[in-house]
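Working notes, structure below.
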Amino acid sequence: MIPLLVILLSIFVFAIGAAGVVASRHFVMIILSMEVMLVAATILAVGFFYYYADGSILLLLFSIWAIAAVEVIALIAFYQYMLKEETTMDVTSLSTLKD
Amino acid sequence: MVSLDTAIFIIIAIMEISAAYLIFFFKNLMHSAIALSTVFGITSLVFAFLGNPLLAVFQLFIMVGGISVYIFVGVAAPGLARFRHFNPKVLLPLSILIFMVLAYPLLSITFAQPSTNVLQQSDVTQTFTSGVPIFYVIMLLLFAVSLGAIILIKIAKRQVGPGAVK
């Protein structure tokens, strides 16, 4: 199997995530879109290491997964803050946070 | 003639892309979180297909630890169905446009001959013997995050009341 298919899959998944960030207005959906982009990064990294690289991919993937976990924690923190402050989840109205 | 592994990979890719789109087309956040967990699961399938079963298992660990948190957060958002949270007229064309822009340079690339898979069986065995305790600690930490999310949501529901999501 040629590596082009893996690259195309990762690019397509990344494009869906990037378009989701642009098209979504809900705070949680934007974080989910970023998670999709991280999935695309992991697919590309694993594909590259499968076909060409020499060494271990574990460190790289764990760094990506750590970023994903930090996103989850940040999501929960902001979500709880928004619930408590009764602010809207619409990111187009988040200028009220400066108050 | 498409070989068998290429056909299987194309099927997996279609499943993954469909699940990724479904994240945005579901109106309930719980369903979106389940679709995202499906994306993670199919990604672990891709890892296994690319000859990395160890990474596939790790991907499942992360999925269990991370996506369960998303689902718990989704439980606290029953009002999302009333919120028009994305624009499908933007998502579909924009995703295809970004894909075309990013994939266009690939047309002029001549790929080098791939080497063999570097993660041989011996490497996998060594990783299992030396690194498994660390992975278990990470999995337990993620599980603790999930439990913490449940507690936070319960506290928030008690303070704010059900259906208070805007």
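All residue names refer to the structure tokens as shown: chains lettered A, B, ... in order, residues numbered from 1 in each chain, ligands numbered from 1 in order.
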Residues of chain A within 8 Å of chain B, counting only C-alpha atoms, what are they? List them as a PyMOL selection string. chain A and resi 1+5+8-9+11-20+22-26+29+32+36+39+43+46-47+49-56+58+65+68-69+72-73+76+80+83-84+86-90
Separation of atom CA of Thr92 of chain A from atom CA of Ile30 of chain A, in Å and rounded to one decimal: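 One can read the atom CA of Thr92 of chain A to atom CA of Ile30 of chain A distance as 12.0 Å.
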